[in-house]
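Have a look at model_25.cif; it's mmCIF, C-alpha atoms:
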data_query
loop_
_atom_site.label_atom_id
_atom_site.label_comp_id
_atom_site.auth_asym_id
_atom_site.auth_seq_id
_atom_site.Cartn_x
_atom_site.Cartn_y
_atom_site.Cartn_z
CA MET A 13 41.29 128.94 -34.60
CA THR A 14 42.87 129.19 -31.16
CA GLU A 15 45.83 131.50 -30.73
CA SER A 16 49.09 129.60 -31.20
CA ALA A 17 51.87 130.06 -28.64
CA ARG A 18 54.40 128.72 -31.15
CA GLN A 19 55.67 130.14 -34.39
CA ARG A 20 53.95 128.86 -37.51
CA THR A 21 54.82 128.41 -41.15
CA VAL A 22 52.90 127.05 -44.12
CA ALA A 23 52.90 123.26 -44.28
CA GLU A 24 53.53 123.07 -48.02
CA GLY A 25 53.92 125.36 -51.00
CA ALA A 26 51.13 126.69 -53.21
CA SER A 27 50.88 129.38 -55.86
CA LEU A 28 48.44 131.61 -57.70
CA SER A 29 48.67 133.95 -60.66
CA GLY A 30 46.80 136.92 -62.04
CA ILE A 31 47.16 140.47 -63.30
CA ALA A 32 49.22 142.97 -61.28
CA LEU A 33 47.43 146.24 -60.50
CA HIS A 34 50.01 148.83 -61.53
CA THR A 35 52.21 147.04 -64.08
CA GLY A 36 49.28 145.30 -65.76
CA VAL A 37 51.33 142.16 -66.45
CA ARG A 38 50.54 138.58 -65.46
CA ALA A 39 52.25 137.80 -62.16
CA SER A 40 52.66 134.70 -60.02
CA LEU A 41 53.03 134.43 -56.26
CA GLY A 42 53.77 131.40 -54.14
CA PHE A 43 53.99 130.69 -50.43
CA ARG A 44 56.81 128.40 -49.29
CA PRO A 45 57.68 127.03 -45.82
CA ALA A 46 60.44 128.84 -43.91
CA PRO A 47 62.51 127.98 -40.80
CA GLU A 48 61.86 129.44 -37.36
CA ASN A 49 62.66 133.13 -36.88
CA THR A 50 62.81 133.78 -40.63
CA GLY A 51 59.86 136.16 -40.64
CA ILE A 52 58.13 137.03 -43.89
CA VAL A 53 60.59 137.27 -46.77
CA PHE A 54 59.79 138.12 -50.40
CA ARG A 55 61.97 136.34 -52.97
CA ARG A 56 62.28 137.65 -56.53
CA ILE A 57 62.76 134.44 -58.49
CA ASP A 58 62.86 136.37 -61.78
CA LEU A 59 66.10 138.16 -60.88
CA PRO A 60 69.66 136.76 -60.99
CA GLY A 61 70.51 135.08 -57.71
CA LYS A 62 66.86 135.18 -56.59
CA PRO A 63 67.41 138.09 -54.15
CA GLU A 64 65.29 138.34 -51.02
CA VAL A 65 63.64 141.29 -49.31
CA PRO A 66 62.59 140.83 -45.67
CA ALA A 67 59.17 142.39 -45.09
CA VAL A 68 60.17 144.82 -42.35
CA VAL A 69 59.52 148.53 -41.97
CA THR A 70 63.17 149.47 -42.38
CA ASN A 71 62.96 148.13 -45.95
CA VAL A 72 59.98 150.34 -46.92
CA VAL A 73 61.00 152.71 -49.72
CA ASP A 74 57.59 154.06 -50.82
CA ALA A 75 54.13 154.22 -49.27
CA ARG A 76 52.23 156.56 -51.57
CA ARG A 77 49.97 154.24 -53.59
CA GLY A 78 50.69 151.07 -51.65
CA THR A 79 53.56 149.75 -49.58
CA THR A 80 56.82 149.07 -51.43
CA ILE A 81 59.81 147.32 -49.89
CA ALA A 82 63.30 146.94 -51.34
CA ARG A 83 66.79 145.73 -50.54
CA GLY A 84 69.67 146.07 -52.95
CA LYS A 85 68.39 145.71 -56.50
CA ALA A 86 65.29 143.78 -55.47
CA MET A 87 62.01 145.63 -55.02
CA VAL A 88 58.49 144.41 -54.25
CA CYS A 89 55.51 146.76 -54.37
CA THR A 90 51.92 146.53 -53.10
CA VAL A 91 52.75 144.00 -50.39
CA GLU A 92 50.01 145.05 -47.94
CA HIS A 93 47.26 142.60 -48.98
CA VAL A 94 49.64 139.64 -48.83
CA MET A 95 51.00 140.78 -45.46
CA SER A 96 47.49 141.28 -44.13
CA ALA A 97 46.44 137.70 -44.90
CA LEU A 98 49.65 136.30 -43.37
CA HIS A 99 49.23 138.42 -40.22
CA ALA A 100 45.61 137.38 -39.72
CA SER A 101 46.52 133.73 -40.29
CA MET A 102 49.32 133.87 -37.69
CA ILE A 103 51.94 132.75 -40.22
CA ASP A 104 55.20 133.93 -38.65
CA ASN A 105 57.65 132.50 -41.16
CA CYS A 106 57.13 132.28 -44.90
CA ILE A 107 59.01 132.73 -48.16
CA VAL A 108 56.83 134.60 -50.65
CA GLU A 109 58.13 133.81 -54.12
CA MET A 110 57.31 136.24 -56.92
CA ASP A 111 58.23 136.33 -60.60
CA GLY A 112 58.06 140.11 -60.83
CA PRO A 113 57.93 143.29 -58.75
CA GLU A 114 54.22 143.15 -57.89
CA PRO A 115 51.81 140.43 -56.72
CA PRO A 116 48.54 139.70 -58.51
CA ILE A 117 45.82 142.10 -57.42
CA CYS A 118 43.20 139.27 -57.65
CA ASP A 119 39.84 140.93 -56.88
CA GLY A 120 41.38 143.84 -54.96
CA SER A 121 40.92 142.20 -51.56
CA SER A 122 43.04 139.71 -49.63
CA ILE A 123 40.60 136.81 -49.83
CA GLU A 124 42.53 134.89 -52.51
CA PHE A 125 45.76 135.13 -50.50
CA LEU A 126 43.86 133.89 -47.45
CA LYS A 127 42.51 130.93 -49.44
CA LEU A 128 46.03 130.20 -50.67
CA ILE A 129 47.31 130.06 -47.09
CA GLU A 130 44.46 127.73 -46.19
CA SER A 131 45.34 125.46 -49.12
CA CYS A 132 48.95 125.32 -47.89
CA GLY A 133 47.96 124.42 -44.36
CA ALA A 134 50.02 125.52 -41.36
CA VAL A 135 52.40 123.79 -38.99
CA GLU A 136 53.64 124.83 -35.57
CA GLN A 137 57.37 125.15 -35.04
CA ASP A 138 59.45 124.74 -31.89
CA ALA A 139 60.22 128.43 -31.26
CA GLU A 140 57.82 130.56 -29.26
CA ALA A 141 55.74 133.09 -31.17
CA ARG A 142 56.97 136.67 -30.88
CA TRP A 143 54.43 139.30 -29.86
CA TYR A 144 54.50 143.05 -29.39
CA THR A 145 52.31 145.25 -27.24
CA PRO A 146 53.28 148.93 -26.91
CA SER A 147 54.71 150.07 -23.59
CA LYS A 148 52.92 153.43 -23.97
CA PRO A 149 50.51 155.19 -26.36
CA LEU A 150 52.05 155.85 -29.78
CA ARG A 151 50.72 158.53 -32.15
CA VAL A 152 51.23 159.85 -35.67
CA ALA A 153 49.17 162.75 -37.00
CA ASP A 154 49.17 165.34 -39.77
CA SER A 155 46.73 167.07 -42.14
CA GLY A 156 43.55 165.51 -40.75
CA THR A 157 44.99 162.01 -40.43
CA GLN A 158 45.67 160.47 -37.05
CA LEU A 159 46.67 157.02 -35.81
CA VAL A 160 47.03 156.27 -32.12
CA MET A 161 47.95 152.91 -30.64
CA PHE A 162 47.29 152.04 -27.01
CA PRO A 163 48.53 149.06 -24.99
CA ASP A 164 46.20 146.06 -24.97
CA GLU A 165 47.40 142.62 -23.92
CA GLU A 166 44.35 140.79 -25.25
CA ALA A 167 44.28 141.23 -29.04
CA LEU A 168 44.70 143.64 -31.94
CA SER A 169 41.66 145.86 -32.24
CA ILE A 170 41.19 148.69 -34.75
CA SER A 171 38.60 151.46 -34.68
CA CYS A 172 38.72 153.29 -38.00
CA VAL A 173 36.88 156.16 -39.66
CA THR A 174 37.30 157.29 -43.28
CA GLN A 175 35.98 160.32 -45.14
CA PHE A 176 35.71 160.84 -48.90
CA ALA A 177 33.69 163.78 -50.18
CA GLY A 178 32.33 161.95 -53.22
CA CYS A 179 31.29 158.82 -51.33
CA PRO A 180 27.54 158.23 -50.77
CA PHE A 181 28.24 156.46 -47.46
CA ASP A 182 30.37 159.10 -45.78
CA PRO A 183 31.91 159.04 -43.27
CA GLN A 184 32.37 155.29 -42.75
CA PHE A 185 33.25 153.67 -39.42
CA PHE A 186 34.13 150.15 -38.33
CA ASP A 187 35.21 148.81 -34.96
CA TYR A 188 37.10 145.57 -35.41
CA ARG A 189 38.89 142.94 -33.31
CA LEU A 190 41.30 140.67 -35.18
CA SER A 191 40.97 136.89 -35.22
CA PRO A 192 41.35 134.45 -38.12
CA GLU A 193 37.59 133.86 -38.12
CA THR A 194 36.50 137.52 -38.07
CA TYR A 195 39.14 138.42 -40.64
CA ALA A 196 37.84 135.85 -43.12
CA ALA A 197 34.25 137.00 -42.68
CA ASP A 198 34.51 140.75 -42.12
CA VAL A 199 37.75 142.08 -43.63
CA ALA A 200 39.41 139.79 -46.19
CA PRO A 201 36.63 140.15 -48.83
CA CYS A 202 36.84 143.97 -48.83
CA ARG A 203 38.21 145.41 -52.07
CA THR A 204 40.52 148.31 -52.75
CA PHE A 205 39.09 151.53 -54.17
CA VAL A 206 40.11 154.71 -55.93
CA ASP A 207 38.67 158.20 -56.31
CA TYR A 208 37.76 158.87 -59.94
CA GLY A 209 39.62 162.18 -59.78
CA ASP A 210 42.87 160.34 -59.02
CA LEU A 211 42.74 158.07 -62.06
CA LYS A 212 44.22 160.59 -64.50
CA ALA A 213 47.21 161.15 -62.22
CA LEU A 214 47.72 157.39 -61.82
CA PHE A 215 47.62 156.84 -65.57
CA SER A 216 50.05 159.72 -66.18
CA MET A 217 52.47 158.06 -63.73
CA GLY A 218 52.24 154.80 -65.68
CA LEU A 219 50.30 153.14 -62.88
CA ALA A 220 46.99 151.24 -62.62
CA LYS A 221 47.59 149.49 -65.97
CA GLY A 222 45.87 146.40 -64.57
CA GLY A 223 43.02 148.33 -62.98
CA SER A 224 39.37 147.59 -63.77
CA LEU A 225 36.05 147.26 -61.98
CA ASP A 226 36.98 143.60 -61.49
CA VAL A 227 39.70 144.59 -59.02
CA ALA A 228 38.63 147.93 -57.49
CA ALA A 229 35.71 150.13 -56.60
CA VAL A 230 35.60 153.70 -57.96
CA ILE A 231 34.21 156.64 -55.98
CA HIS A 232 32.66 159.14 -58.40
CA ASP A 233 30.11 161.92 -58.15
CA GLY A 234 28.25 160.60 -55.10
CA ALA A 235 28.36 156.96 -56.16
CA ILE A 236 30.52 153.88 -55.64
CA ILE A 237 30.98 152.01 -58.91
CA CYS A 238 32.08 148.38 -58.68
CA LYS A 239 31.50 144.94 -60.10
CA ASP A 240 28.22 143.43 -58.87
CA ARG A 241 27.46 145.22 -55.59
CA LEU A 242 29.22 146.36 -52.44
CA ARG A 243 30.03 143.45 -50.16
CA PHE A 244 29.41 145.72 -47.15
CA THR A 245 27.94 149.22 -47.03
CA ASN A 246 31.16 150.26 -45.26
CA GLU A 247 33.47 148.19 -47.47
CA ILE A 248 35.88 151.12 -47.91
CA VAL A 249 36.68 151.52 -44.22
CA ARG A 250 36.94 147.76 -43.82
CA HIS A 251 39.54 147.73 -46.60
CA LYS A 252 41.43 150.47 -44.77
CA ILE A 253 41.56 148.12 -41.77
CA LEU A 254 42.78 145.32 -44.05
CA ASP A 255 45.64 147.61 -45.10
CA ILE A 256 46.48 148.54 -41.50
CA ILE A 257 46.69 144.87 -40.52
CA GLY A 258 49.11 144.27 -43.40
CA ASP A 259 51.27 147.34 -42.83
CA MET A 260 51.52 146.67 -39.09
CA TYR A 261 52.97 143.22 -39.79
CA LEU A 262 56.07 145.03 -41.03
CA ILE A 263 57.15 145.21 -37.39
CA GLY A 264 58.23 141.58 -37.79
CA ARG A 265 56.04 139.99 -35.15
CA ARG A 266 52.42 139.50 -34.16
CA LEU A 267 50.75 142.56 -32.71
CA ARG A 268 48.49 143.19 -29.76
CA GLY A 269 47.13 146.64 -29.03
CA SER A 270 44.27 149.03 -29.69
CA ILE A 271 44.55 151.29 -32.75
CA VAL A 272 42.33 154.31 -33.36
CA ALA A 273 42.67 155.45 -36.98
CA VAL A 274 41.18 158.58 -38.53
CA ARG A 275 41.55 158.82 -42.32
CA PRO A 276 44.54 156.43 -42.43
CA GLY A 277 46.79 155.69 -45.38
CA HIS A 278 49.89 153.63 -46.08
CA ALA A 279 52.33 156.43 -45.32
CA PHE A 280 50.87 156.94 -41.85
CA ASN A 281 50.55 153.20 -41.24
CA VAL A 282 54.26 152.83 -42.00
CA ARG A 283 55.13 155.76 -39.72
CA LEU A 284 53.24 154.08 -36.88
CA ALA A 285 55.01 150.79 -37.60
CA GLY A 286 58.29 152.68 -37.35
CA LEU A 287 57.34 154.05 -33.93
CA ILE A 288 56.41 150.55 -32.82
CA VAL A 289 59.83 149.21 -33.84
CA LYS A 290 61.50 152.10 -32.02
CA ASP A 291 59.49 151.37 -28.88
CA MET A 292 60.28 147.67 -29.26
CA THR A 293 64.00 148.45 -29.41
CA GLU A 294 63.91 150.81 -26.44
CA THR A 295 61.95 148.46 -24.20
CA SER A 296 64.29 145.54 -24.97
CA LYS A 297 67.38 147.41 -23.71
#
Spit out the file's structure as structure tokens when you get a sec.
Amino acid sequence: MTESARQRTVAEGASLSGIALHTGVRASLGFRPAPENTGIVFRRIDLPGKPEVPAVVTNVVDARRGTTIARGKAMVCTVEHVMSALHASMIDNCIVEMDGPEPPICDGSSIEFLKLIESCGAVEQDAEARWYTPSKPLRVADSGTQLVMFPDEEALSISCVTQFAGCPFDPQFFDYRLSPETYAADVAPCRTFVDYGDLKALFSMGLAKGGSLDVAAVIHDGAIICKDRLRFTNEIVRHKILDIIGDMYLIGRRLRGSIVAVRPGHAFNVRLAGLIVKDMTETSK
């Protein structure tokens, strides 16, 4: 797919359903066309008045076990896989309709959301696509985690390294350059994962009720336990890149730049997105 100079939305609506990761209930999600300059907006059709939550970093209210956005009484959690597929597909404007607070986890990757976008098709709109490239290096760091973004006018590239003590393939590294084609082949199929030691805490918090080996890989005692086999030997770090692509789309426009990420997580991704929006605001004055 060649890079579009115009904004894009889905050509028609389509939906999917499945089990939500944390609530464990059956959930439905649908993509609907949206006008120019709408951005990505989540609509809670199960709530009175069908309230909407724009998917922007200023609406992030939690980033501990996933990225949660909220406005007023409407909240949507675990948006990163949906956002990642929309970002990679260059869908600028879309209404994401949901009948609950959490999208289906599907197989723990973003591949089903990508397929849903493909089934919708895409149409170009009259308005020019909005891009962001940082005016200077941007950095967030703390406790062994570091994300740095450098200017790059060509594309979004991400070099990422992860480290988990109980993982047999540790550390993991992947150097990636975003395009719709490489995303579909190299990133979208990569599933989420959890450290076995964290499961008790998740269960005590009432989370991961929909978790199983069908939707996540488990790191435990020098092994990675998952359904079938790993799709890539470095599937974990590739999923981290999937998450970064999704969280960065919370800036509200397509992104160009070079990101170096060491042991990233949602909280740090969101902090970097916040710095990007600040830089965007300052450079537009």
task = Would you please work out which residue, of A:Arg266, A:Ala139, A:Glu294, A:Asp198, is nearest to A:Ile248 when using all atoms listed in the file?
result =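 Result for the nearest residue to A:Ile248: A:Asp198.
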ask   = atom CA of A:Leu287 and atom CA of A:Arg268 are how many Å apart?
value =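 A separation of 14.6 Å between them.
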message = With the PyMOL selection byres ((chain A and resi 112) around 8) as the selection, what would be picked from this file? Answer as JSON, numbers by chain, please.
response = {"A": [39, 40, 56, 57, 58, 88, 110, 111, 113, 114, 115]}
Got time to write the residues from that selection, C-alpha atoms, as a short mmCIF file (atom, residue, chain, number, x, y, z; two decimals), in the coordinates of the input?
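What landed in again_15.cif:
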data_model
loop_
_atom_site.label_atom_id
_atom_site.label_comp_id
_atom_site.auth_asym_id
_atom_site.auth_seq_id
_atom_site.Cartn_x
_atom_site.Cartn_y
_atom_site.Cartn_z
CA ALA A 39 52.25 137.80 -62.16
CA SER A 40 52.66 134.70 -60.02
CA ARG A 56 62.28 137.65 -56.53
CA ILE A 57 62.76 134.44 -58.49
CA ASP A 58 62.86 136.37 -61.78
CA VAL A 88 58.49 144.41 -54.25
CA MET A 110 57.31 136.24 -56.92
CA ASP A 111 58.23 136.33 -60.60
CA PRO A 113 57.93 143.29 -58.75
CA GLU A 114 54.22 143.15 -57.89
CA PRO A 115 51.81 140.43 -56.72
#
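Of note, atom CA of A:Lys239 and atom CA of A:Ala26 are spaced 27.7 Å apart.
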task = Report the residues retrieved by the PyMOL selection byres ((chain A and resi 258-263) around 10) from the displayed file, expressed as a VMD selection string.
result = chain A and resid 51 to 52 66 to 72 75 78 to 79 81 91 to 100 104 122 143 to 144 252 to 257 264 to 267 277 to 290 292
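When the distance limit is 8 Å and all atoms listed in the file are what count, the residues near stretch 168-176 of chain A, minus those fewer than 2 positions from it on the same chain, are Asp164, Glu166, Gly178, Cys179, Asp182, Pro183, Gln184, Phe185, Phe186, Asp187, Tyr188, Arg189, Leu190, Ile248, Val249, Lys252, Ile253, Leu267, Arg268, Gly269, Ser270, Ile271, Val272, Ala273, Val274, Arg275 and Pro276 of chain A.
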inquiry  = Once the PyMOL selection byres ((chain A and resi 21) around 9) is applied to the coordinates I shared, what remains selected? I want it as a ChimeraX atom specification.
reply    = /A:19-20,22-24,44-48,102-106,133-137
remark   = What separates atom CA of A:Asp154 and atom CA of A:Arg76 is a distance of 15.0 Å
Please give the centre and size of the box around stretch 184-197 of chain A (axis-aligned, containing every atom listed in the file, 6 Å added per side), with values in Å to one decimal and written as AutoDock Vina command-line options.
--center_x 36.9 --center_y 144.6 --center_z -38.2 --size_x 21.0 --size_y 33.4 --size_z 21.8
message = as JSON, numbers by chain, please: the residues near A:Pro201 (cut-off 12 Å, all atoms listed in the file, same-chain neighbours under 6 positions excluded).
response = {"A": [93, 96, 97, 118, 119, 120, 121, 122, 123, 124, 125, 126, 127, 194, 195, 227, 228, 242, 243, 244, 247, 248, 250, 251, 253, 254]}
query = Between A:Thr80, A:Ser155, A:Thr50, A:Thr35, which has the minimum distance to A:Arg142 (counting all atoms listed in the file)?
reply =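 The shortest atom-to-atom distance to A:Arg142 comes from A:Thr50.
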request  = Measuring atom to atom with all atoms listed in the file, identify which of A:Arg151, A:Arg18, A:Arg203, A:Lys85 is nearest to A:Asn49.
outcome  = A:Arg18
query = With distances taken over only C-alpha atoms, which of A:Glu15, A:Ala82, A:Glu130, A:Glu64 is nearest to A:Ser27?
reply =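 Closest candidate: A:Glu130.
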